[in-house]
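File shown here: work-v7.txt, holding compact mmCIF, C-alpha atoms (C1' of nucleotides).
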```
# COMPACT_ATOMS: atom_id res chain seq x y z
CA MET A 1 -6.63 -4.70 33.91
CA ASP A 2 -4.73 -1.49 34.00
CA VAL A 3 -6.23 0.63 31.31
CA THR A 4 -5.15 4.21 31.35
CA ASP A 5 -5.68 5.64 27.99
CA SER A 6 -5.86 9.35 28.31
CA SER A 7 -4.62 10.06 24.86
CA SER A 8 -5.28 7.16 22.58
CA HIS A 9 -6.86 9.54 20.20
CA SER A 10 -5.52 12.85 19.22
CA SER A 11 -7.57 15.97 19.43
CA GLU A 12 -6.65 16.84 15.90
CA SER A 13 -9.86 17.27 13.99
CA GLY A 14 -10.55 15.14 10.94
CA ARG A 15 -11.96 11.86 9.90
CA GLY A 16 -10.15 8.63 9.47
CA ARG A 17 -8.04 6.43 11.67
CA PRO A 18 -5.82 8.31 14.03
CA GLY A 19 -2.20 7.30 13.63
CA ALA A 20 -0.95 5.02 16.34
CA ARG A 21 0.21 7.30 19.07
CA GLN A 22 3.63 6.36 20.35
CA GLU A 23 3.58 8.36 23.49
CA TYR A 24 1.30 7.93 26.47
CA LYS A 25 -0.33 4.96 24.85
CA CYS A 26 -2.17 2.57 27.08
CA PRO A 27 0.23 -0.38 27.41
CA ILE A 28 -2.20 -3.10 26.47
CA ARG A 29 -3.56 -1.10 23.57
CA ASP A 30 0.01 -0.75 22.41
CA VAL A 31 0.64 -4.48 22.57
CA LEU A 32 -2.65 -5.28 20.89
CA ASP A 33 -1.73 -2.95 18.06
CA ARG A 34 1.45 -4.95 17.68
CA VAL A 35 0.13 -8.50 17.90
CA GLY A 36 -3.41 -7.83 16.79
CA ASP A 37 -2.59 -7.73 13.11
CA ALA A 38 -3.21 -10.60 10.77
CA TRP A 39 0.14 -12.33 10.98
CA SER A 40 2.13 -11.50 14.10
CA VAL A 41 0.90 -14.16 16.49
CA LEU A 42 1.39 -16.76 13.80
CA VAL A 43 4.96 -15.63 13.29
CA VAL A 44 5.66 -15.38 17.01
CA SER A 45 4.20 -18.80 17.59
CA ASN A 46 6.45 -20.33 14.98
CA LEU A 47 9.54 -18.56 16.25
CA ALA A 48 8.77 -19.76 19.75
CA GLU A 49 9.95 -23.16 18.59
CA GLY A 50 13.35 -21.82 17.69
CA PRO A 51 15.29 -19.54 15.40
CA THR A 52 14.12 -19.82 11.84
CA ARG A 53 15.27 -18.60 8.49
CA PHE A 54 13.09 -16.40 6.36
CA ASN A 55 12.07 -18.91 3.74
CA GLU A 56 11.50 -21.64 6.28
CA LEU A 57 9.30 -19.27 8.19
CA LYS A 58 7.41 -18.45 5.05
CA ARG A 59 6.72 -22.09 4.45
CA ARG A 60 5.54 -22.65 7.97
CA VAL A 61 3.23 -19.69 8.22
CA GLU A 62 0.69 -20.89 5.78
CA GLY A 63 -0.66 -18.29 3.42
CA ILE A 64 1.72 -15.50 4.21
CA SER A 65 3.41 -13.71 1.35
CA GLN A 66 7.03 -12.62 1.23
CA ARG A 67 5.90 -9.09 1.49
CA MET A 68 3.76 -9.58 4.59
CA LEU A 69 6.39 -11.73 6.25
CA THR A 70 9.00 -9.05 5.69
CA VAL A 71 6.76 -6.30 6.98
CA THR A 72 5.59 -8.32 9.97
CA LEU A 73 9.12 -9.27 10.96
CA ARG A 74 10.23 -5.67 10.69
CA HIS A 75 7.45 -4.56 12.99
CA LEU A 76 8.22 -7.27 15.53
CA GLU A 77 11.89 -6.43 15.34
CA ARG A 78 11.18 -2.76 15.91
CA ASP A 79 9.34 -3.57 19.11
CA GLY A 80 12.22 -5.68 20.29
CA LEU A 81 10.35 -8.96 20.14
CA VAL A 82 12.38 -10.47 17.34
CA SER A 83 16.06 -10.38 16.45
CA ARG A 84 17.45 -10.56 12.94
CA THR A 85 20.77 -12.13 12.12
CA VAL A 86 22.36 -12.18 8.69
CA LEU A 87 24.10 -15.51 8.26
CA PRO A 88 27.40 -15.57 6.33
CA THR A 89 26.10 -18.21 3.97
CA THR A 90 25.93 -18.40 0.23
CA PRO A 91 23.49 -17.25 -0.78
CA PRO A 92 23.20 -15.04 2.30
CA GLN A 93 20.37 -16.00 4.60
CA VAL A 94 18.67 -14.22 7.38
CA GLU A 95 17.69 -15.88 10.60
CA TYR A 96 15.00 -14.61 12.89
CA ALA A 97 14.58 -15.48 16.55
CA LEU A 98 12.48 -14.38 19.46
CA THR A 99 14.34 -12.14 21.85
CA GLU A 100 14.08 -12.61 25.56
CA LEU A 101 11.30 -10.05 25.49
CA GLY A 102 9.63 -11.93 22.69
CA HIS A 103 9.79 -15.18 24.60
CA SER A 104 8.29 -13.52 27.65
CA LEU A 105 5.30 -12.50 25.55
CA CYS A 106 4.54 -16.13 24.79
CA GLY A 107 3.23 -16.66 28.32
CA PRO A 108 0.42 -14.13 28.11
CA LEU A 109 -0.34 -15.11 24.53
CA ASP A 110 -0.61 -18.75 25.60
CA VAL A 111 -3.09 -17.77 28.28
CA LEU A 112 -5.17 -15.82 25.80
CA SER A 113 -4.90 -18.61 23.26
CA GLY A 114 -6.12 -21.11 25.80
CA TRP A 115 -9.09 -18.95 26.56
CA ALA A 116 -9.82 -18.46 22.89
CA THR A 117 -9.71 -22.15 22.13
CA ALA A 118 -11.85 -23.04 25.10
CA ASN A 119 -14.49 -20.47 24.28
CA GLN A 120 -14.53 -20.41 20.52
CA PRO A 121 -17.68 -22.54 20.33
CA LEU A 122 -19.53 -20.19 22.69
CA ILE A 123 -18.47 -17.17 20.73
CA ARG A 124 -19.58 -18.71 17.49
CA ALA A 125 -22.89 -19.78 18.92
CA SER A 126 -23.40 -16.25 20.16
CA ARG A 127 -22.69 -14.81 16.76
CA GLU A 128 -25.14 -17.09 15.07
CA ARG A 129 -27.75 -16.29 17.66
CA TYR A 130 -27.10 -12.57 17.33
CA ASP A 131 -27.17 -12.66 13.55
CA GLY A 132 -30.39 -14.60 13.63
CA GLU A 133 -32.01 -12.13 15.97
CA ALA A 134 -30.73 -9.22 13.97
CA GLY A 135 -32.47 -10.73 10.99
CA GLU A 136 -35.69 -10.77 12.99
CA LEU A 137 -35.19 -7.16 14.00
CA THR A 138 -35.53 -7.90 17.67
CA GLY A 139 -32.88 -5.36 18.47
CA GLY A 140 -30.68 -6.98 21.03
CA GLU A 141 -30.87 -9.89 23.38
CA MET B 1 0.21 -21.38 21.97
CA ASP B 2 -2.17 -23.30 19.81
CA VAL B 3 -2.08 -21.62 16.48
CA THR B 4 -3.75 -23.53 13.72
CA ASP B 5 -4.65 -21.16 11.02
CA SER B 6 -5.11 -23.09 7.85
CA SER B 7 -7.52 -20.64 6.35
CA SER B 8 -7.01 -17.22 7.82
CA HIS B 9 -6.81 -15.90 4.37
CA SER B 10 -9.05 -16.85 1.57
CA SER B 11 -7.76 -18.04 -1.74
CA GLU B 12 -9.96 -15.54 -3.50
CA SER B 13 -7.75 -13.44 -5.71
CA GLY B 14 -7.62 -9.69 -5.36
CA ARG B 15 -6.03 -7.00 -3.35
CA GLY B 16 -7.41 -5.55 -0.20
CA ARG B 17 -8.07 -6.87 3.25
CA PRO B 18 -9.62 -10.28 3.34
CA GLY B 19 -12.78 -10.19 5.33
CA ALA B 20 -12.56 -11.76 8.73
CA ARG B 21 -13.28 -15.39 8.16
CA GLN B 22 -15.87 -16.74 10.51
CA GLU B 23 -15.24 -20.38 9.94
CA TYR B 24 -12.09 -22.34 10.71
CA LYS B 25 -10.49 -19.23 12.11
CA CYS B 26 -7.58 -19.67 14.45
CA PRO B 27 -9.12 -19.06 17.89
CA ILE B 28 -6.65 -16.52 19.12
CA ARG B 29 -6.70 -14.63 15.85
CA ASP B 30 -10.44 -14.50 16.23
CA VAL B 31 -10.23 -13.05 19.72
CA LEU B 32 -7.57 -10.57 18.72
CA ASP B 33 -9.80 -9.37 15.91
CA ARG B 34 -12.45 -8.77 18.50
CA VAL B 35 -10.47 -7.03 21.22
CA GLY B 36 -7.69 -5.64 19.07
CA ASP B 37 -9.65 -2.67 17.85
CA ALA B 38 -9.24 0.80 19.25
CA TRP B 39 -11.94 0.71 21.89
CA SER B 40 -12.94 -2.77 23.00
CA VAL B 41 -10.51 -3.39 25.83
CA LEU B 42 -11.29 0.03 27.20
CA VAL B 43 -14.98 -0.77 27.19
CA VAL B 44 -14.49 -4.26 28.61
CA SER B 45 -12.27 -2.89 31.34
CA ASN B 46 -14.88 -0.38 32.36
CA LEU B 47 -17.69 -2.93 32.32
CA ALA B 48 -15.60 -5.26 34.45
CA GLU B 49 -16.38 -2.93 37.33
CA GLY B 50 -20.08 -3.44 36.91
CA PRO B 51 -23.10 -2.89 34.68
CA THR B 52 -23.09 0.57 33.21
CA ARG B 53 -25.50 2.66 31.24
CA PHE B 54 -24.60 3.93 27.83
CA ASN B 55 -24.00 7.56 28.68
CA GLU B 56 -22.09 6.73 31.84
CA LEU B 57 -19.91 4.42 29.79
CA LYS B 58 -19.35 7.17 27.28
CA ARG B 59 -18.17 9.49 29.99
CA ARG B 60 -15.80 6.91 31.43
CA VAL B 61 -14.21 5.82 28.20
CA GLU B 62 -12.41 8.99 27.49
CA GLY B 63 -12.41 10.14 23.91
CA ILE B 64 -14.95 7.68 22.55
CA SER B 65 -17.80 9.01 20.48
CA GLN B 66 -21.39 7.86 20.69
CA ARG B 67 -21.02 6.25 17.36
CA MET B 68 -17.93 4.25 18.24
CA LEU B 69 -19.36 3.25 21.59
CA THR B 70 -22.50 1.97 19.92
CA VAL B 71 -20.57 0.06 17.28
CA THR B 72 -18.11 -1.36 19.79
CA LEU B 73 -20.86 -2.51 22.12
CA ARG B 74 -22.68 -4.15 19.25
CA HIS B 75 -19.59 -6.08 18.27
CA LEU B 76 -18.95 -7.19 21.84
CA GLU B 77 -22.57 -8.16 22.22
CA ARG B 78 -22.46 -10.18 19.02
CA ASP B 79 -19.58 -12.24 20.37
CA GLY B 80 -21.45 -12.86 23.58
CA LEU B 81 -19.11 -10.85 25.75
CA VAL B 82 -21.59 -8.13 26.62
CA SER B 83 -25.29 -8.15 27.41
CA ARG B 84 -27.66 -5.30 26.67
CA THR B 85 -30.70 -4.52 28.79
CA VAL B 86 -33.24 -1.84 28.05
CA LEU B 87 -34.33 -0.29 31.33
CA PRO B 88 -38.00 0.75 31.74
CA THR B 89 -37.03 4.28 32.66
CA THR B 90 -38.09 7.63 31.36
CA PRO B 91 -36.42 8.45 29.16
CA PRO B 92 -35.54 4.85 28.31
CA GLN B 93 -31.97 3.87 29.13
CA VAL B 94 -29.84 0.97 28.11
CA GLU B 95 -27.58 -0.87 30.45
CA TYR B 96 -24.60 -2.91 29.36
CA ALA B 97 -22.86 -5.60 31.39
CA LEU B 98 -20.21 -8.21 30.87
CA THR B 99 -21.62 -11.67 30.44
CA GLU B 100 -20.10 -14.64 32.19
CA LEU B 101 -18.06 -15.18 29.06
CA GLY B 102 -17.04 -11.55 29.07
CA HIS B 103 -15.93 -11.77 32.67
CA SER B 104 -13.89 -14.88 31.91
CA LEU B 105 -11.99 -12.93 29.28
CA CYS B 106 -10.81 -10.46 31.87
CA GLY B 107 -8.38 -12.99 33.26
CA PRO B 108 -6.35 -13.42 30.09
CA LEU B 109 -6.59 -9.71 29.34
CA ASP B 110 -5.27 -8.92 32.81
CA VAL B 111 -2.30 -11.20 32.20
CA LEU B 112 -1.57 -9.53 28.89
CA SER B 113 -2.07 -6.11 30.42
CA GLY B 114 0.37 -6.92 33.19
CA TRP B 115 2.93 -7.97 30.65
CA ALA B 116 2.34 -4.87 28.59
CA THR B 117 2.72 -2.55 31.52
CA ALA B 118 5.85 -4.29 32.75
CA ASN B 119 7.51 -4.21 29.37
CA GLN B 120 6.36 -0.98 27.87
CA PRO B 121 9.64 0.79 28.64
CA LEU B 122 11.64 -1.95 26.92
CA ILE B 123 9.41 -1.85 23.87
CA ARG B 124 9.73 1.88 23.60
CA ALA B 125 13.47 1.80 24.05
CA SER B 126 13.64 -0.78 21.31
CA ARG B 127 11.60 1.36 18.98
CA GLU B 128 13.80 4.35 19.52
CA ARG B 129 16.89 2.25 18.98
CA TYR B 130 15.42 0.72 15.84
CA ASP B 131 14.32 4.05 14.44
CA GLY B 132 17.71 5.51 15.11
CA GLU B 133 19.47 2.64 13.38
CA ALA B 134 17.09 2.80 10.47
CA GLY B 135 18.13 6.40 10.07
CA GLU B 136 21.73 5.25 9.89
CA LEU B 137 20.86 2.58 7.35
CA THR B 138 22.53 -0.12 9.35
CA GLY B 139 19.85 -2.54 8.34
CA GLY B 140 18.99 -4.46 11.42
CA GLU B 141 20.40 -4.97 14.82
C1' DT C 1 -47.90 20.04 19.26
C1' DG C 2 -43.07 20.96 20.39
C1' DC C 3 -39.27 19.88 23.30
C1' DT C 4 -35.98 16.98 25.97
C1' DT C 5 -33.30 12.93 26.98
C1' DC C 6 -31.27 8.65 25.61
C1' DC C 7 -29.58 5.91 22.24
C1' DT C 8 -28.86 4.15 17.43
C1' DC C 9 -27.31 4.34 12.85
C1' DG C 10 -26.55 6.00 7.86
C1' DA C 11 -23.41 8.74 5.03
C1' DA C 12 -19.13 10.73 3.80
C1' DA C 13 -14.30 11.32 4.34
C1' DG C 14 -9.83 9.64 5.66
C1' DT C 15 -6.39 6.27 7.32
C1' DG C 16 -3.72 2.25 7.62
C1' DC C 17 -3.61 -2.63 6.91
C1' DC C 18 -3.42 -6.18 3.53
C1' DT C 19 -2.98 -8.01 -1.03
C1' DT C 20 -0.83 -8.63 -5.54
C1' DC C 21 2.65 -7.43 -8.64
C1' DT C 22 7.10 -6.12 -9.62
C1' DT C 23 11.74 -4.63 -9.14
C1' DG C 24 16.23 -4.87 -7.23
C1' DC C 25 20.46 -6.03 -4.40
C1' DG C 26 24.13 -9.39 -3.02
C1' DC C 27 26.38 -13.49 -4.17
C1' DC C 28 27.61 -17.30 -7.00
C1' DA C 29 27.77 -20.39 -11.08
C1' DA C 30 27.48 -21.50 -15.99
C1' DT D 1 26.18 -11.90 -19.60
C1' DT D 2 22.24 -14.51 -17.83
C1' DG D 3 20.02 -17.12 -14.35
C1' DG D 4 19.07 -18.67 -9.69
C1' DC D 5 18.56 -18.16 -4.68
C1' DG D 6 17.41 -15.43 -0.66
C1' DC D 7 15.52 -11.48 0.94
C1' DA D 8 13.69 -6.70 0.97
C1' DA D 9 10.77 -3.07 -0.48
C1' DG D 10 8.06 0.21 -3.71
C1' DA D 11 3.63 0.84 -6.06
C1' DA D 12 -1.14 0.30 -6.77
C1' DG D 13 -5.65 -1.23 -5.49
C1' DG D 14 -9.15 -2.71 -2.11
C1' DC D 15 -11.11 -3.21 2.46
C1' DA D 16 -12.48 -2.32 7.12
C1' DC D 17 -11.81 0.67 10.83
C1' DT D 18 -12.35 5.26 12.60
C1' DT D 19 -13.94 9.87 12.65
C1' DT D 20 -17.31 13.57 12.07
C1' DC D 21 -21.83 15.00 10.99
C1' DG D 22 -26.48 14.68 11.13
C1' DA D 23 -30.94 12.45 11.22
C1' DG D 24 -34.25 9.95 13.70
C1' DG D 25 -37.01 6.74 16.86
C1' DA D 26 -38.90 5.88 21.60
C1' DA D 27 -40.85 7.64 25.70
C1' DG D 28 -42.48 11.17 28.47
C1' DC D 29 -43.80 15.95 29.71
C1' DA D 30 -45.60 20.76 29.26
```

Take the structure in this file and express it as structure tokens.
Amino acid sequence: MDVTDSSSHSSESGRGRPGARQEYKCPIRDVLDRVGDAWSVLVVSNLAEGPTRFNELKRRVEGISQRMLTVTLRHLERDGLVSRTVLPTTPPQVEYALTELGHSLCGPLDVLSGWATANQPLIRASRERYDGEAGELTGGE
Amino acid sequence: MDVTDSSSHSSESGRGRPGARQEYKCPIRDVLDRVGDAWSVLVVSNLAEGPTRFNELKRRVEGISQRMLTVTLRHLERDGLVSRTVLPTTPPQVEYALTELGHSLCGPLDVLSGWATANQPLIRASRERYDGEAGELTGGE
DNA sequence: TGCTTCCTCGAAAGTGCCTTCTTGCGCCAA
DNA sequence: TTGGCGCAAGAAGGCACTTTCGAGGAAGCA
């Protein structure tokens, strides 16, 4: 893993979350900021199956609101992962699709997803164990 | 990508972030919640090189505070990715190491990191293009 | 006893994400 | 004109992350 994050956090004093730095950001941190939010991988996963119109996408991504879908798509579009095409239909519809870059991201996300699925039980067991020990004030494992 | 997130978001009414759901969570969303924060991948990356004591880790992860390092390590430990060992030294020191599970996560993270590094220029170019177009109110690409 | 090192954590302040609610634009039909 | 569809975005409220600050426990030593 190439992690070179010499300026993830600004030296500006003050409390609170530092704004996402656009320059000199560690690549993987950058990507995680993009796909680490609540909805992006779900949207990307759905689009991986083919171009989809807004409302169809909203139906497929269970639980997402119009607002969050709009915002999420805008963010993905900004990073070049998704393309937006206004269809000359009546009423006008908008179709979203993964770009070539977006499709290339599916590989790594599939790998991570595979790992996550395979190890979810272990992670959960660990949490339960940890929470149980924390309750007993044993301070660590 | 196996994305089955039927209850990422609770049906409890109200504004604000839903708490991370522990049960029935989509595996990859779960993992992204874990490693998607500001510091975790940096810490994991450093620990991948070998067990490290707290203060050494603090020096290596540039910019992290004691507080954030402590919190981050606790979270990683809870998920079973990191183990914590109190050394019988004077003064007492604590050593952190990746568990077997933690080490297994390095593979997928390396893949993602490779992708991120390879595509960072494209992503940035896209952002600049997008921001420029947004300024022109062209509404999409 | 006071001091040092190492590490942990509570409190307060600030930020950005996420949610709900609502409005509004374009287009068309009644 | 009103209403509907499709889509986008502003506003307000809440939450968790992140930061800074400071206190404190454990162990040992002078």

Considering all atoms listed in the file, give me a table of residues in chain D that are at most 9 Å from stretch 13-17 of chain C, with the closest atom pair and distance in Å for each, as JSON lines.
```
{"residue": "D:DC15", "atom": "C1'", "partner": "C:DC17", "partner_atom": "C1'", "distance": 8.7}
{"residue": "D:DA16", "atom": "C1'", "partner": "C:DC17", "partner_atom": "C1'", "distance": 8.9}
{"residue": "D:DC17", "atom": "C1'", "partner": "C:DT15", "partner_atom": "C1'", "distance": 8.5}
{"residue": "D:DT18", "atom": "C1'", "partner": "C:DT15", "partner_atom": "C1'", "distance": 8.0}
{"residue": "D:DT19", "atom": "C1'", "partner": "C:DG14", "partner_atom": "C1'", "distance": 8.1}
{"residue": "D:DT20", "atom": "C1'", "partner": "C:DA13", "partner_atom": "C1'", "distance": 8.6}
```

Please build the interface table for chain C against stretch 83-89 of chain B with a cut-off of 12 Å, listing for each qualifying residue the nearest atom pair and the distance in Å to one decimal; count all atoms listed in the file, order rows by chain and increasing number, and write it as JSON lines.
```
{"residue": "C:DT5", "atom": "C1'", "partner": "B:Thr89", "partner_atom": "CA", "distance": 11.0}
{"residue": "C:DC6", "atom": "C1'", "partner": "B:Thr89", "partner_atom": "CA", "distance": 10.1}
{"residue": "C:DC7", "atom": "C1'", "partner": "B:Val86", "partner_atom": "CA", "distance": 10.4}
```

Given a cut-off of 7 Å, which residues of chain D touch chain B, counting only C-alpha atoms (C1' of nucleotides), written out as number ranges by chain?
D: 13-15, 27-28

Which residues, written as a PyMOL selection string, have at least one atom at most 12 Å from D:DG10, with only C-alpha atoms (C1' of nucleotides) counted and residues fewer than 6 positions away on the same chain left out?
(chain A and resi 67) or (chain C and resi 21-24)

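Here atom C1' of C:DT19 is placed at a distance of 17.8 Å from atom CA of A:Arg74.
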
Provide an axis-aligned box for all listed atoms of stretch 114-128 of chain A, padding each side by 8 Å; report its centre and its edge lengths in Å to one decimal, as AutoDock Vina command-line options.
```
--center_x -15.6 --center_y -18.9 --center_z 20.8 --size_x 35.0 --size_y 24.2 --size_z 27.5
```

May I have a table of the residues of chain B lying at most 7 Å from chain A, giving each one's closest pair of atoms and their distance in Å to one decimal, counting only C-alpha atoms, ordered by chain and ascending residue number, as JSON lines?
```
{"residue": "B:Met1", "atom": "CA", "partner": "A:Asp110", "partner_atom": "CA", "distance": 4.6}
{"residue": "B:Asp2", "atom": "CA", "partner": "A:Ser113", "partner_atom": "CA", "distance": 6.4}
{"residue": "B:Val3", "atom": "CA", "partner": "A:Leu42", "partner_atom": "CA", "distance": 6.5}
{"residue": "B:Ser6", "atom": "CA", "partner": "A:Glu62", "partner_atom": "CA", "distance": 6.5}
{"residue": "B:His9", "atom": "CA", "partner": "A:Gly63", "partner_atom": "CA", "distance": 6.7}
{"residue": "B:Pro27", "atom": "CA", "partner": "A:Ala116", "partner_atom": "CA", "distance": 5.1}
{"residue": "B:Ile28", "atom": "CA", "partner": "A:Ser113", "partner_atom": "CA", "distance": 5.0}
{"residue": "B:Val31", "atom": "CA", "partner": "A:Ala116", "partner_atom": "CA", "distance": 6.3}
{"residue": "B:Leu32", "atom": "CA", "partner": "A:Gly36", "partner_atom": "CA", "distance": 5.3}
{"residue": "B:Asp33", "atom": "CA", "partner": "A:Gly36", "partner_atom": "CA", "distance": 6.6}
{"residue": "B:Gly36", "atom": "CA", "partner": "A:Gly36", "partner_atom": "CA", "distance": 5.3}
{"residue": "B:Leu42", "atom": "CA", "partner": "A:Val3", "partner_atom": "CA", "distance": 6.5}
{"residue": "B:Ser45", "atom": "CA", "partner": "A:Met1", "partner_atom": "CA", "distance": 6.5}
{"residue": "B:Glu62", "atom": "CA", "partner": "A:Ser6", "partner_atom": "CA", "distance": 6.6}
{"residue": "B:Gly63", "atom": "CA", "partner": "A:His9", "partner_atom": "CA", "distance": 6.7}
{"residue": "B:Arg78", "atom": "CA", "partner": "A:Arg127", "partner_atom": "CA", "distance": 5.2}
{"residue": "B:Asp79", "atom": "CA", "partner": "A:Ile123", "partner_atom": "CA", "distance": 5.1}
{"residue": "B:Gly80", "atom": "CA", "partner": "A:Ser126", "partner_atom": "CA", "distance": 5.2}
{"residue": "B:Arg84", "atom": "CA", "partner": "A:Glu141", "partner_atom": "CA", "distance": 6.5}
{"residue": "B:Pro108", "atom": "CA", "partner": "A:Leu112", "partner_atom": "CA", "distance": 5.1}
{"residue": "B:Leu109", "atom": "CA", "partner": "A:Met1", "partner_atom": "CA", "distance": 6.8}
{"residue": "B:Asp110", "atom": "CA", "partner": "A:Met1", "partner_atom": "CA", "distance": 4.6}
{"residue": "B:Val111", "atom": "CA", "partner": "A:Pro108", "partner_atom": "CA", "distance": 5.7}
{"residue": "B:Leu112", "atom": "CA", "partner": "A:Pro108", "partner_atom": "CA", "distance": 5.1}
{"residue": "B:Ser113", "atom": "CA", "partner": "A:Ile28", "partner_atom": "CA", "distance": 5.0}
{"residue": "B:Ala116", "atom": "CA", "partner": "A:Pro27", "partner_atom": "CA", "distance": 5.1}
{"residue": "B:Thr117", "atom": "CA", "partner": "A:Pro27", "partner_atom": "CA", "distance": 5.3}
{"residue": "B:Gln120", "atom": "CA", "partner": "A:Pro27", "partner_atom": "CA", "distance": 6.2}
{"residue": "B:Ile123", "atom": "CA", "partner": "A:Asp79", "partner_atom": "CA", "distance": 5.1}
{"residue": "B:Ser126", "atom": "CA", "partner": "A:Gly80", "partner_atom": "CA", "distance": 5.2}
{"residue": "B:Arg127", "atom": "CA", "partner": "A:Arg78", "partner_atom": "CA", "distance": 5.2}
{"residue": "B:Tyr130", "atom": "CA", "partner": "A:Arg78", "partner_atom": "CA", "distance": 5.5}
{"residue": "B:Gly140", "atom": "CA", "partner": "A:Arg84", "partner_atom": "CA", "distance": 6.5}
{"residue": "B:Glu141", "atom": "CA", "partner": "A:Arg84", "partner_atom": "CA", "distance": 6.6}
```

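As for atom CA of B:Val82 and atom CA of B:Arg59, they are spaced 18.3 Å apart.
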
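Here atom CA of B:His103 is placed at a distance of 20.0 Å from atom CA of B:Lys58.
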
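The residue that comes closest to chain A, out of C:DC9, C:DC3, C:DC18, C:DA29 and on the basis of all atoms listed in the file, is C:DC18.
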
Between A:Glu100, A:Glu95, A:Thr72, A:Glu133, which has the minimum distance to chain C (counting only C-alpha atoms (C1' of nucleotides))?
A:Thr72
